[in-house]
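Below is run.cif, holding mmCIF, C-alpha atoms and all ligand atoms.
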data_run
#
loop_
_atom_site.label_atom_id
_atom_site.label_comp_id
_atom_site.auth_asym_id
_atom_site.auth_seq_id
_atom_site.Cartn_x
_atom_site.Cartn_y
_atom_site.Cartn_z
CA MET A 1 75.61 124.21 70.31
CA ALA A 2 74.98 122.63 66.86
CA THR A 3 74.28 125.15 64.12
CA ILE A 4 73.78 124.61 60.41
CA ASN A 5 77.48 125.34 59.92
CA ASP A 6 78.20 121.95 61.54
CA PHE A 7 76.34 120.17 58.73
CA ASN A 8 76.89 119.67 55.03
CA PHE A 9 73.47 119.63 53.37
CA GLU A 10 74.58 118.14 50.04
CA ASN A 11 71.73 115.95 48.78
CA LYS A 12 69.97 116.42 52.12
CA LYS A 13 66.48 117.73 52.73
CA ALA A 14 66.33 120.25 55.54
CA LEU A 15 63.03 120.56 57.41
CA ILE A 16 63.20 124.17 58.60
CA ARG A 17 60.86 125.79 61.13
CA VAL A 18 60.80 129.43 60.11
CA ASP A 19 58.74 132.30 61.48
CA PHE A 20 56.85 133.56 58.44
CA ASN A 21 54.04 134.96 60.56
CA VAL A 22 54.15 138.16 58.49
CA PRO A 23 51.61 140.99 58.30
CA LEU A 24 49.26 140.93 55.27
CA ASP A 25 47.10 143.77 53.92
CA ASP A 26 43.46 143.45 52.79
CA ALA A 27 44.60 142.14 49.40
CA PHE A 28 46.73 139.47 51.21
CA LYS A 29 49.99 141.13 50.19
CA VAL A 30 52.93 140.97 52.62
CA THR A 31 53.47 144.45 54.13
CA ASP A 32 56.71 143.74 56.03
CA THR A 33 59.26 141.20 54.79
CA THR A 34 61.62 141.45 57.81
CA ARG A 35 60.90 137.90 59.03
CA ILE A 36 61.40 136.40 55.58
CA GLU A 37 64.71 138.26 55.13
CA ALA A 38 65.76 137.06 58.59
CA ALA A 39 65.47 133.40 57.47
CA LYS A 40 67.31 133.99 54.18
CA PRO A 41 70.91 133.27 55.33
CA THR A 42 69.91 129.82 56.62
CA ILE A 43 68.03 128.92 53.44
CA ILE A 44 70.85 130.16 51.20
CA LYS A 45 73.54 128.21 53.10
CA ILE A 46 71.54 124.97 52.69
CA LEU A 47 70.90 125.56 48.99
CA GLU A 48 74.54 126.46 48.39
CA ASP A 49 75.62 123.21 50.06
CA GLY A 50 73.53 121.40 47.44
CA GLY A 51 70.56 120.62 49.66
CA SER A 52 66.86 121.43 49.47
CA CYS A 53 64.58 123.24 51.94
CA VAL A 54 61.17 122.29 53.28
CA LEU A 55 59.85 125.38 55.05
CA MET A 56 57.17 125.18 57.72
CA SER A 57 55.54 128.06 59.60
CA HIS A 58 52.34 129.29 61.15
CA LEU A 59 50.50 132.41 60.03
CA GLY A 60 48.10 134.22 62.34
CA ARG A 61 45.65 132.48 64.60
CA PRO A 62 43.39 130.40 62.36
CA LYS A 63 40.60 128.29 63.80
CA GLY A 64 40.93 125.17 61.67
CA ILE A 65 41.45 125.50 57.92
CA SER A 66 40.79 129.12 56.93
CA PRO A 67 41.85 130.35 53.46
CA GLU A 68 42.67 133.87 54.69
CA PHE A 69 45.52 132.39 56.74
CA SER A 70 46.92 130.28 53.89
CA LEU A 71 50.67 130.52 53.37
CA GLN A 72 49.90 130.43 49.66
CA HIS A 73 49.50 134.23 49.98
CA ILE A 74 53.20 134.67 50.69
CA VAL A 75 54.71 132.31 48.08
CA GLU A 76 55.59 135.06 45.60
CA THR A 77 57.08 137.35 48.25
CA VAL A 78 59.22 134.54 49.68
CA SER A 79 60.37 133.69 46.14
CA GLU A 80 61.36 137.33 45.51
CA VAL A 81 63.20 137.71 48.82
CA ILE A 82 65.12 134.42 48.51
CA GLY A 83 65.64 134.73 44.75
CA VAL A 84 64.38 131.20 44.02
CA GLN A 85 60.87 130.27 42.84
CA VAL A 86 59.28 128.56 45.84
CA LYS A 87 56.97 125.54 45.43
CA PHE A 88 53.87 125.23 47.60
CA VAL A 89 51.80 122.32 48.88
CA ASN A 90 48.39 122.97 50.42
CA ASP A 91 48.87 120.78 53.49
CA CYS A 92 51.67 120.20 55.98
CA ILE A 93 51.41 116.44 56.66
CA GLY A 94 50.28 113.33 54.79
CA ALA A 95 50.92 111.44 51.57
CA LYS A 96 50.54 114.42 49.22
CA VAL A 97 53.12 116.40 51.17
CA GLU A 98 55.50 113.43 51.41
CA GLN A 99 55.33 113.04 47.62
CA ALA A 100 56.07 116.73 47.10
CA VAL A 101 59.08 116.40 49.42
CA ALA A 102 60.30 113.25 47.61
CA ALA A 103 60.12 115.10 44.29
CA LEU A 104 62.16 118.03 45.63
CA GLU A 105 65.57 118.37 43.99
CA ALA A 106 68.78 119.95 45.26
CA GLY A 107 68.47 123.76 45.14
CA GLU A 108 64.67 123.71 45.46
CA ILE A 109 62.40 125.10 48.17
CA LEU A 110 59.01 123.77 49.22
CA LEU A 111 56.72 125.81 51.48
CA LEU A 112 54.13 123.87 53.48
CA GLU A 113 50.64 125.07 54.38
CA ASN A 114 49.95 126.80 57.71
CA LEU A 115 50.84 124.44 60.60
CA ARG A 116 48.09 125.91 62.75
CA PHE A 117 45.39 124.56 60.43
CA TYR A 118 45.89 121.54 62.70
CA GLU A 119 45.14 122.09 66.38
CA GLU A 120 47.75 119.41 67.08
CA GLU A 121 50.46 121.95 66.28
CA LYS A 122 49.80 124.18 69.31
CA LYS A 123 49.02 121.17 71.48
CA GLY A 124 52.50 119.81 70.81
CA ASP A 125 50.95 116.52 69.64
CA ALA A 126 53.61 113.81 69.24
CA ALA A 127 51.82 111.88 66.45
CA PHE A 128 51.48 115.08 64.41
CA ALA A 129 55.15 115.95 65.08
CA LYS A 130 56.16 112.47 63.92
CA LYS A 131 54.32 113.04 60.63
CA LEU A 132 56.18 116.34 60.22
CA SER A 133 59.48 114.59 60.93
CA LYS A 134 59.06 112.48 57.76
CA LEU A 135 59.54 115.62 55.69
CA GLY A 136 63.28 116.09 56.10
CA ASP A 137 66.65 114.46 56.88
CA ILE A 138 67.84 117.25 59.16
CA TYR A 139 65.65 119.44 61.38
CA VAL A 140 66.62 123.11 61.55
CA ASN A 141 64.92 125.51 63.96
CA ASP A 142 65.27 129.12 62.83
CA ALA A 143 62.12 130.56 64.41
CA PHE A 144 63.09 132.54 67.50
CA GLY A 145 59.65 134.20 67.69
CA THR A 146 58.06 130.85 68.63
CA ALA A 147 60.99 129.23 70.48
CA HIS A 148 59.21 129.82 73.82
CA ARG A 149 56.32 127.61 72.73
CA ALA A 150 56.42 123.81 73.11
CA HIS A 151 54.53 123.31 69.85
CA ALA A 152 54.86 120.28 67.56
CA SER A 153 56.98 122.03 64.91
CA THR A 154 59.09 124.13 67.31
CA THR A 155 59.94 121.53 69.96
CA VAL A 156 58.34 118.10 69.83
CA VAL A 157 59.48 117.27 66.28
CA ALA A 158 63.17 117.55 67.29
CA GLN A 159 63.06 114.25 69.22
CA PHE A 160 62.62 112.31 65.95
CA PHE A 161 65.93 113.52 64.49
CA ASN A 162 68.49 112.14 67.00
CA ASP A 163 71.64 114.18 66.29
CA ASN A 164 70.39 115.46 62.95
CA LYS A 165 69.04 118.71 64.35
CA CYS A 166 70.47 122.18 64.73
CA PHE A 167 69.87 125.89 65.08
CA GLY A 168 69.54 128.05 61.98
CA ILE A 169 71.71 131.14 61.58
CA LEU A 170 69.03 133.49 62.92
CA LEU A 171 68.21 131.51 66.05
CA ALA A 172 71.92 131.00 66.80
CA LYS A 173 72.48 134.76 66.50
CA GLU A 174 69.58 135.52 68.84
CA ILE A 175 70.98 133.17 71.49
CA GLU A 176 74.47 134.57 71.06
CA SER A 177 73.25 138.20 71.38
CA ILE A 178 71.35 137.58 74.60
CA ASN A 179 74.30 135.64 75.97
CA LYS A 180 76.56 138.55 75.07
CA VAL A 181 74.37 140.88 77.12
CA LEU A 182 73.71 138.71 80.17
CA ASN A 183 76.78 136.52 80.58
CA ASP A 184 79.64 137.14 78.25
CA ASN A 185 79.47 140.92 78.58
CA GLU A 186 81.84 143.83 78.75
CA LYS A 187 81.11 146.15 81.69
CA PRO A 188 79.44 148.48 82.46
CA VAL A 189 76.19 146.83 81.37
CA THR A 190 73.02 148.92 81.17
CA ALA A 191 69.50 147.58 80.70
CA ILE A 192 66.75 149.98 79.70
CA LEU A 193 63.28 148.71 80.50
CA GLY A 194 60.29 150.72 79.36
CA GLY A 195 56.81 149.91 78.12
CA ALA A 196 53.51 150.01 79.87
CA LYS A 197 53.55 147.86 82.98
CA VAL A 198 55.84 146.71 85.76
CA SER A 199 53.97 143.41 85.89
CA SER A 200 55.14 142.33 82.42
CA LYS A 201 58.80 143.19 83.08
CA ILE A 202 59.15 142.12 86.69
CA GLY A 203 60.62 138.69 85.87
CA VAL A 204 63.25 140.36 83.70
CA ILE A 205 64.18 142.93 86.33
CA GLU A 206 64.58 140.24 88.99
CA ASN A 207 66.72 138.01 86.76
CA ILE A 208 69.05 140.76 85.54
CA LEU A 209 69.50 142.62 88.84
CA ASP A 210 72.83 140.98 89.59
CA LYS A 211 73.96 140.68 85.96
CA VAL A 212 73.90 144.39 85.05
CA ASP A 213 75.40 147.56 86.51
CA HIS A 214 72.59 149.98 85.63
CA ILE A 215 68.86 149.61 85.09
CA ILE A 216 67.06 152.51 83.47
CA VAL A 217 63.32 152.39 84.14
CA GLY A 218 60.99 154.34 81.85
CA GLY A 219 57.55 154.36 80.23
CA GLY A 220 54.36 153.72 82.14
CA MET A 221 56.26 151.58 84.68
CA THR A 222 57.87 154.71 86.07
CA PHE A 223 54.82 155.84 87.98
CA THR A 224 54.39 152.69 90.05
CA PHE A 225 57.92 153.31 91.36
CA ILE A 226 57.37 157.07 91.85
CA LYS A 227 54.07 156.56 93.70
CA ALA A 228 55.64 153.85 95.88
CA LEU A 229 58.35 156.35 96.80
CA GLY A 230 55.71 158.89 97.86
CA GLY A 231 55.51 161.06 94.72
CA LYS A 232 52.34 162.59 93.26
CA ILE A 233 51.56 160.94 89.92
CA GLY A 234 48.12 162.43 89.03
CA SER A 235 46.25 160.03 86.75
CA SER A 236 49.36 158.38 85.28
CA LEU A 237 49.33 154.64 84.61
CA VAL A 238 49.93 152.80 87.89
CA GLU A 239 49.72 149.28 89.28
CA ASP A 240 48.94 149.83 92.95
CA ASP A 241 49.35 146.14 93.73
CA LYS A 242 52.95 146.28 92.44
CA MET A 243 54.11 149.21 94.59
CA GLU A 244 55.50 147.02 97.34
CA LEU A 245 57.36 144.98 94.74
CA ALA A 246 58.80 148.19 93.27
CA LEU A 247 60.22 149.10 96.68
CA GLU A 248 61.62 145.60 97.10
CA ILE A 249 63.37 145.87 93.74
CA LEU A 250 64.94 149.18 94.77
CA GLU A 251 66.16 147.58 98.04
CA LYS A 252 67.55 144.50 96.30
CA ALA A 253 69.30 146.67 93.72
CA LYS A 254 70.97 148.68 96.47
CA ALA A 255 72.19 145.48 98.14
CA LYS A 256 73.62 144.21 94.85
CA ASN A 257 75.16 147.55 93.95
CA THR A 258 73.06 147.86 90.81
CA GLN A 259 72.02 151.42 90.12
CA ILE A 260 68.39 151.99 89.19
CA HIS A 261 67.73 155.24 87.32
CA LEU A 262 64.21 156.65 87.33
CA PRO A 263 62.95 159.59 85.25
CA ILE A 264 63.21 162.87 87.17
CA ASP A 265 60.94 164.87 84.87
CA ALA A 266 57.97 163.93 82.70
CA VAL A 267 55.98 165.33 79.82
CA ILE A 268 52.43 165.30 81.16
CA ALA A 269 49.08 165.73 79.40
CA ASP A 270 45.49 166.36 80.49
CA ALA A 271 44.28 163.54 78.21
CA PHE A 272 45.69 160.45 76.46
CA SER A 273 45.78 162.27 73.11
CA ASN A 274 48.11 164.09 70.78
CA ASP A 275 45.74 167.10 71.01
CA ALA A 276 45.89 167.30 74.82
CA SER A 277 47.50 170.25 76.63
CA ILE A 278 51.03 169.34 77.65
CA LYS A 279 53.68 170.56 80.08
CA THR A 280 56.87 169.30 81.64
CA VAL A 281 57.10 168.83 85.42
CA ASP A 282 59.06 166.97 88.06
CA THR A 283 57.96 163.28 88.03
CA THR A 284 57.01 163.52 91.69
CA GLN A 285 54.77 166.57 91.21
CA ILE A 286 52.14 165.57 88.65
CA PRO A 287 48.88 167.45 89.35
CA ASP A 288 45.52 165.69 89.63
CA GLY A 289 43.91 165.14 86.24
CA TRP A 290 47.27 165.01 84.42
CA MET A 291 49.21 161.94 83.32
CA GLY A 292 52.85 161.31 82.48
CA LEU A 293 53.18 160.14 78.87
CA ASP A 294 56.89 160.67 78.18
CA CYS A 295 60.10 161.39 80.04
CA GLY A 296 61.32 164.99 80.09
CA PRO A 297 64.55 166.60 78.81
CA LYS A 298 66.48 166.41 82.11
CA THR A 299 65.75 162.68 82.25
CA SER A 300 66.89 162.21 78.64
CA GLU A 301 70.14 163.96 79.49
CA ASN A 302 70.72 161.76 82.56
CA PHE A 303 69.94 158.58 80.66
CA ALA A 304 72.20 159.62 77.74
CA HIS A 305 75.05 160.08 80.21
CA VAL A 306 74.62 156.57 81.65
CA ILE A 307 74.40 155.08 78.14
CA ALA A 308 77.46 156.95 76.87
CA ASN A 309 79.47 155.26 79.63
CA SER A 310 78.13 151.75 78.95
CA LYS A 311 79.90 149.01 77.01
CA THR A 312 76.89 146.67 76.78
CA ILE A 313 73.30 147.88 76.33
CA LEU A 314 69.97 146.09 76.37
CA TRP A 315 66.81 147.98 75.41
CA ASN A 316 63.32 146.58 75.87
CA GLY A 317 60.25 148.86 75.81
CA PRO A 318 59.67 152.50 74.81
CA LEU A 319 60.18 155.38 77.29
CA GLY A 320 56.88 157.03 76.43
CA VAL A 321 53.79 156.74 74.26
CA PHE A 322 55.94 156.98 71.13
CA GLU A 323 52.99 156.18 68.85
CA LEU A 324 51.79 159.75 69.52
CA GLU A 325 54.20 162.35 68.14
CA ASN A 326 54.02 164.65 71.18
CA PHE A 327 55.23 161.85 73.46
CA ALA A 328 57.89 160.25 71.26
CA LYS A 329 60.84 162.48 72.15
CA GLY A 330 62.10 160.48 75.15
CA THR A 331 62.19 157.28 73.07
CA ILE A 332 63.89 159.06 70.14
CA GLU A 333 66.53 160.67 72.43
CA LEU A 334 67.20 157.25 73.94
CA GLY A 335 67.63 155.76 70.45
CA ILE A 336 70.10 158.52 69.56
CA ALA A 337 72.12 157.85 72.73
CA ILE A 338 72.22 154.09 72.07
CA ALA A 339 73.21 154.64 68.41
CA GLU A 340 76.02 156.96 69.52
CA ALA A 341 77.31 154.49 72.14
CA THR A 342 77.19 151.69 69.55
CA LYS A 343 79.23 153.83 67.14
CA ASN A 344 81.76 154.23 69.94
CA GLY A 345 82.13 150.48 70.37
CA ALA A 346 79.36 149.37 72.74
CA PHE A 347 77.31 146.23 71.99
CA SER A 348 73.59 147.06 71.86
CA LEU A 349 70.67 144.64 71.68
CA VAL A 350 67.13 145.89 71.10
CA GLY A 351 64.14 143.60 71.54
CA GLY A 352 60.48 143.42 72.40
CA GLY A 353 57.75 144.23 69.88
CA ASP A 354 57.30 147.91 70.68
CA SER A 355 60.95 148.89 70.94
CA VAL A 356 61.60 147.14 67.64
CA ALA A 357 58.72 149.12 66.10
CA ALA A 358 60.25 152.30 67.57
CA VAL A 359 63.80 151.67 66.27
CA LYS A 360 62.39 150.95 62.82
CA GLN A 361 60.04 153.95 62.83
CA PHE A 362 62.78 156.36 63.89
CA GLY A 363 65.52 154.86 61.68
CA PHE A 364 67.82 153.35 64.34
CA ALA A 365 67.60 149.72 63.22
CA ASN A 366 70.96 149.86 61.42
CA LYS A 367 72.62 151.86 64.18
CA VAL A 368 72.36 149.26 66.93
CA SER A 369 74.30 145.98 67.09
CA TYR A 370 71.33 143.61 66.94
CA VAL A 371 67.55 143.89 66.68
CA SER A 372 65.83 140.78 68.04
CA THR A 373 63.02 139.12 66.08
CA GLY A 374 61.25 137.71 69.14
CA GLY A 375 59.16 139.63 71.66
CA GLY A 376 57.82 137.06 74.10
CA ALA A 377 60.72 134.67 73.44
CA MET A 378 63.28 137.35 74.25
CA LEU A 379 61.49 138.37 77.45
CA GLU A 380 61.45 134.75 78.62
CA MET A 381 65.17 134.36 77.92
CA LEU A 382 65.85 137.58 79.83
CA GLU A 383 63.78 136.14 82.68
CA GLY A 384 66.33 133.32 82.80
CA LYS A 385 63.95 130.66 81.48
CA THR A 386 65.11 127.86 79.20
CA LEU A 387 63.03 128.02 76.04
CA PRO A 388 61.57 124.65 74.98
CA GLY A 389 62.48 125.20 71.31
CA ILE A 390 66.11 125.78 72.25
CA GLU A 391 66.28 122.96 74.77
CA ALA A 392 64.89 120.49 72.21
CA ILE A 393 67.88 121.11 69.93
CA LEU A 394 70.42 120.92 72.75
CA LYS A 395 69.08 117.58 74.11
P1 LIG B 1 55.12 147.00 76.45
O1 LIG B 1 54.34 146.17 75.45
O2 LIG B 1 54.88 146.66 77.87
O3 LIG B 1 56.58 147.11 76.08
O4 LIG B 1 54.48 148.46 76.33
C1 LIG B 1 54.58 149.25 75.18
C2 LIG B 1 53.54 150.34 75.28
O5 LIG B 1 53.77 151.13 76.43
C3 LIG B 1 53.59 151.29 74.09
O6 LIG B 1 52.43 151.11 73.32
C4 LIG B 1 53.59 152.67 74.75
O7 LIG B 1 52.68 153.57 74.18
C5 LIG B 1 53.20 152.38 76.19
N1 LIG B 1 53.68 153.40 77.12
C6 LIG B 1 54.92 153.88 77.23
N2 LIG B 1 54.99 154.85 78.15
C7 LIG B 1 53.74 155.01 78.64
C8 LIG B 1 53.16 155.88 79.63
N3 LIG B 1 53.90 156.78 80.27
N4 LIG B 1 51.85 155.73 79.87
C9 LIG B 1 51.11 154.82 79.20
N5 LIG B 1 51.60 153.98 78.27
C10 LIG B 1 52.89 154.07 78.00
#
As structure tokens - that is how I would like this structure written.
Amino acid sequence: MATINDFNFENKKALIRVDFNVPLDDAFKVTDTTRIEAAKPTIIKILEDGGSCVLMSHLGRPKGISPEFSLQHIVETVSEVIGVQVKFVNDCIGAKVEQAVAALEAGEILLLENLRFYEEEKKGDAAFAKKLSKLGDIYVNDAFGTAHRAHASTTVVAQFFNDNKCFGILLAKEIESINKVLNDNEKPVTAILGGAKVSSKIGVIENILDKVDHIIVGGGMTFTFIKALGGKIGSSLVEDDKMELALEILEKAKAKNTQIHLPIDAVIADAFSNDASIKTVDTTQIPDGWMGLDCGPKTSENFAHVIANSKTILWNGPLGVFELENFAKGTIELGIAIAEATKNGAFSLVGGGDSVAAVKQFGFANKVSYVSTGGGAMLEMLEGKTLPGIEAILK
């Protein structure tokens, strides 16, 4: 697996696909610099080698050229984070851009305009990718968040670089972390899958069933399993058409000797609101008109016990509606248990948009081994799929 450490960038121009799809406020100021910081080690290594960086990214979902999605808005923030004044060109292909690249000296950074101003980007258009390929000597992909998309800048462009292509530090670390959980792991391995629906996690569950020792199921998914097993779930979230599948998963797990742990108690509410009346009951005994919005204390204790005995931990999806304070406890208790296990030597990987938001919100981000930067990309890797952006570098 070629990474930037296999290259010396002296007097070379690196064309780097980064994920600078950052949130902006109404005044177009960057409100979260995590994705920019994540790309920093790659950029610094190239500059320190004596090379220069041409950065390309998308921002938002523009329809054609739309000034509110211009990457010009982030130039100053990128400059501050990297510690080098970044140059900007208001296009991403063509003569003007090629001139700006030609004028770039060692130690300099050029940021290109939003790739998605061209519909060819998302279409994976080869002619557009070829134009992009003129903008660097070595292609570096460091955008895990878009590695599951076969877009021009994430995948198609790689074919124009022969062997002069590699993974950036961030993307290499993402691949290594997932590999450490699924293949190169220390046992026992525990996967915690929460979030809203079984349907969005089913591919992951099926792929990891024979790779892990324990699967902890939580969040809204719980109730499809509980109902399928004959429990009373009131008006909790349920996918009736997935009940049969839930039973199949439990059967398969038994055959493979993988233990599935379901919540035994739930915090229930009479409305989806922080002001609703709440009580804690057995997960199989939820009265009509009430819904389960978090796991209860007995469940947290059970889950903490499984986690304390794990050497490798994967967490994807919250255990309750953590956005509402009254239903955040199960997710917080889980975070505490994972942080404790990590302190005691376990490897822990957290990924998926909402669990990342939860670990940041509750202050666990520095207490786990690795926080993934890709939601959809991580799910697809956990489903066992080969991501086009990764494959394009390996080819
Ligand atoms: P996902 O994107 O599938 O990981 O789902 C994350 C969402 O699941 C979060 O916004 C949570 O609020 C939601 N969630 C977690 N537990 C429940 C539950 N018991 N009922 C409804 N939604 C839930």
Could you pull out the residues sitting within 6 Å of ligand LIG 1 (chain B), using all atoms listed in the file, and write them as an NGL selection string?
:A and (195-197 or 219-220 or 237 or 292-294 or 317-323 or 354)
Shell of 12 Å around A:Cys295, all atoms listed in the file, local chain residues under 4 positions omitted, as a PyMOL selection string
chain A and resi 194+216-223+262-269+279-283+291+299-303+318-322+326-334
Among the residues A:Gly168, A:Pro388, A:Gly64, A:Gly50, the one that comes closest to A:Ala2 [using only C-alpha atoms]
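Looking at the shortest contact to A:Ala2, the residue is A:Gly168.
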Find the nearest atom pair between each residue of stretch 16-57 of chain A and stretch 78-90 of chain A for residues within 8 Å, count only C-alpha atoms, give distances in Å to one decimal, sort rows by chain and ascending number, and present the table as a tab-separated table.
residue	atom	partner	partner_atom	distance
A:Thr33	CA	A:Val81	CA	8.0
A:Ile36	CA	A:Val78	CA	6.6
A:Glu37	CA	A:Val81	CA	6.5
A:Lys40	CA	A:Ile82	CA	6.1
A:Ile43	CA	A:Ile82	CA	7.9
A:Ile44	CA	A:Ile82	CA	7.6
Generate the output file for the selected residues, C-alpha atoms, as a CSV table (one decimal), in the coordinates of the input.
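Once written, out_9.csv looks like this:
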chain,number,residue,atom,x,y,z
A,33,THR,CA,59.3,141.2,54.8
A,36,ILE,CA,61.4,136.4,55.6
A,37,GLU,CA,64.7,138.3,55.1
A,40,LYS,CA,67.3,134.0,54.2
A,43,ILE,CA,68.0,128.9,53.4
A,44,ILE,CA,70.8,130.2,51.2
Hey, can you check how far atom CA of A:Arg35 sits from atom CA of A:Pro23?
9.8 Å
Around (69.6, 153.9, 74.0) in the file's frame, which residues reach within 12 Å when counting all atoms listed in the file? Return as a ChimeraX atom specification?
/A:190-194,215-216,218,300-319,330-343,346-351,355,358-359,364-365,367-369
Regenerate stretch 88-108 of chain A at the level of N, CA and C atoms and dump it as a PDB file, in the frame of the given file.
ATOM      1  N   PHE A  88      54.806 125.217  46.478  1.00  0.00           N
ATOM      2  CA  PHE A  88      53.870 125.230  47.600  1.00  0.00           C
ATOM      3  C   PHE A  88      53.015 123.972  47.593  1.00  0.00           C
ATOM      4  N   VAL A  89      52.728 123.448  48.784  1.00  0.00           N
ATOM      5  CA  VAL A  89      51.800 122.320  48.880  1.00  0.00           C
ATOM      6  C   VAL A  89      50.736 122.685  49.912  1.00  0.00           C
ATOM      7  N   ASN A  90      49.462 122.438  49.582  1.00  0.00           N
ATOM      8  CA  ASN A  90      48.390 122.970  50.420  1.00  0.00           C
ATOM      9  C   ASN A  90      48.027 122.077  51.617  1.00  0.00           C
ATOM     10  N   ASP A  91      49.039 121.538  52.250  1.00  0.00           N
ATOM     11  CA  ASP A  91      48.870 120.780  53.490  1.00  0.00           C
ATOM     12  C   ASP A  91      50.254 120.738  54.140  1.00  0.00           C
ATOM     13  N   CYS A  92      50.332 120.256  55.377  1.00  0.00           N
ATOM     14  CA  CYS A  92      51.670 120.200  55.980  1.00  0.00           C
ATOM     15  C   CYS A  92      52.029 118.792  56.462  1.00  0.00           C
ATOM     16  N   ILE A  93      51.103 117.847  56.361  1.00  0.00           N
ATOM     17  CA  ILE A  93      51.410 116.440  56.660  1.00  0.00           C
ATOM     18  C   ILE A  93      50.664 115.556  55.648  1.00  0.00           C
ATOM     19  N   GLY A  94      51.040 114.284  55.595  1.00  0.00           N
ATOM     20  CA  GLY A  94      50.280 113.330  54.790  1.00  0.00           C
ATOM     21  C   GLY A  94      50.965 112.965  53.481  1.00  0.00           C
ATOM     22  N   ALA A  95      50.335 112.037  52.765  1.00  0.00           N
ATOM     23  CA  ALA A  95      50.920 111.440  51.570  1.00  0.00           C
ATOM     24  C   ALA A  95      51.264 112.474  50.499  1.00  0.00           C
ATOM     25  N   LYS A  96      50.327 113.406  50.263  1.00  0.00           N
ATOM     26  CA  LYS A  96      50.540 114.420  49.220  1.00  0.00           C
ATOM     27  C   LYS A  96      51.802 115.231  49.517  1.00  0.00           C
ATOM     28  N   VAL A  97      51.964 115.586  50.776  1.00  0.00           N
ATOM     29  CA  VAL A  97      53.120 116.400  51.170  1.00  0.00           C
ATOM     30  C   VAL A  97      54.396 115.566  51.060  1.00  0.00           C
ATOM     31  N   GLU A  98      54.315 114.306  51.483  1.00  0.00           N
ATOM     32  CA  GLU A  98      55.500 113.430  51.410  1.00  0.00           C
ATOM     33  C   GLU A  98      55.953 113.244  49.958  1.00  0.00           C
ATOM     34  N   GLN A  99      54.973 113.160  49.043  1.00  0.00           N
ATOM     35  CA  GLN A  99      55.330 113.040  47.620  1.00  0.00           C
ATOM     36  C   GLN A  99      56.013 114.310  47.119  1.00  0.00           C
ATOM     37  N   ALA A 100      55.475 115.458  47.532  1.00  0.00           N
ATOM     38  CA  ALA A 100      56.070 116.730  47.100  1.00  0.00           C
ATOM     39  C   ALA A 100      57.509 116.842  47.617  1.00  0.00           C
ATOM     40  N   VAL A 101      57.732 116.366  48.837  1.00  0.00           N
ATOM     41  CA  VAL A 101      59.080 116.400  49.420  1.00  0.00           C
ATOM     42  C   VAL A 101      60.000 115.446  48.649  1.00  0.00           C
ATOM     43  N   ALA A 102      59.478 114.248  48.326  1.00  0.00           N
ATOM     44  CA  ALA A 102      60.300 113.250  47.610  1.00  0.00           C
ATOM     45  C   ALA A 102      60.714 113.784  46.236  1.00  0.00           C
ATOM     46  N   ALA A 103      59.841 114.587  45.640  1.00  0.00           N
ATOM     47  CA  ALA A 103      60.120 115.100  44.290  1.00  0.00           C
ATOM     48  C   ALA A 103      61.061 116.315  44.309  1.00  0.00           C
ATOM     49  N   LEU A 104      61.361 116.804  45.498  1.00  0.00           N
ATOM     50  CA  LEU A 104      62.160 118.030  45.630  1.00  0.00           C
ATOM     51  C   LEU A 104      63.623 117.741  45.261  1.00  0.00           C
ATOM     52  N   GLU A 105      64.170 118.570  44.393  1.00  0.00           N
ATOM     53  CA  GLU A 105      65.570 118.370  43.990  1.00  0.00           C
ATOM     54  C   GLU A 105      66.485 119.351  44.690  1.00  0.00           C
ATOM     55  N   ALA A 106      67.800 119.052  44.645  1.00  0.00           N
ATOM     56  CA  ALA A 106      68.780 119.950  45.260  1.00  0.00           C
ATOM     57  C   ALA A 106      68.569 121.366  44.696  1.00  0.00           C
ATOM     58  N   GLY A 107      68.633 122.371  45.583  1.00  0.00           N
ATOM     59  CA  GLY A 107      68.470 123.760  45.140  1.00  0.00           C
ATOM     60  C   GLY A 107      67.029 124.225  45.154  1.00  0.00           C
ATOM     61  N   GLU A 108      66.091 123.321  45.477  1.00  0.00           N
ATOM     62  CA  GLU A 108      64.670 123.710  45.460  1.00  0.00           C
ATOM     63  C   GLU A 108      64.125 123.964  46.874  1.00  0.00           C
TER      64      GLU A 108
END
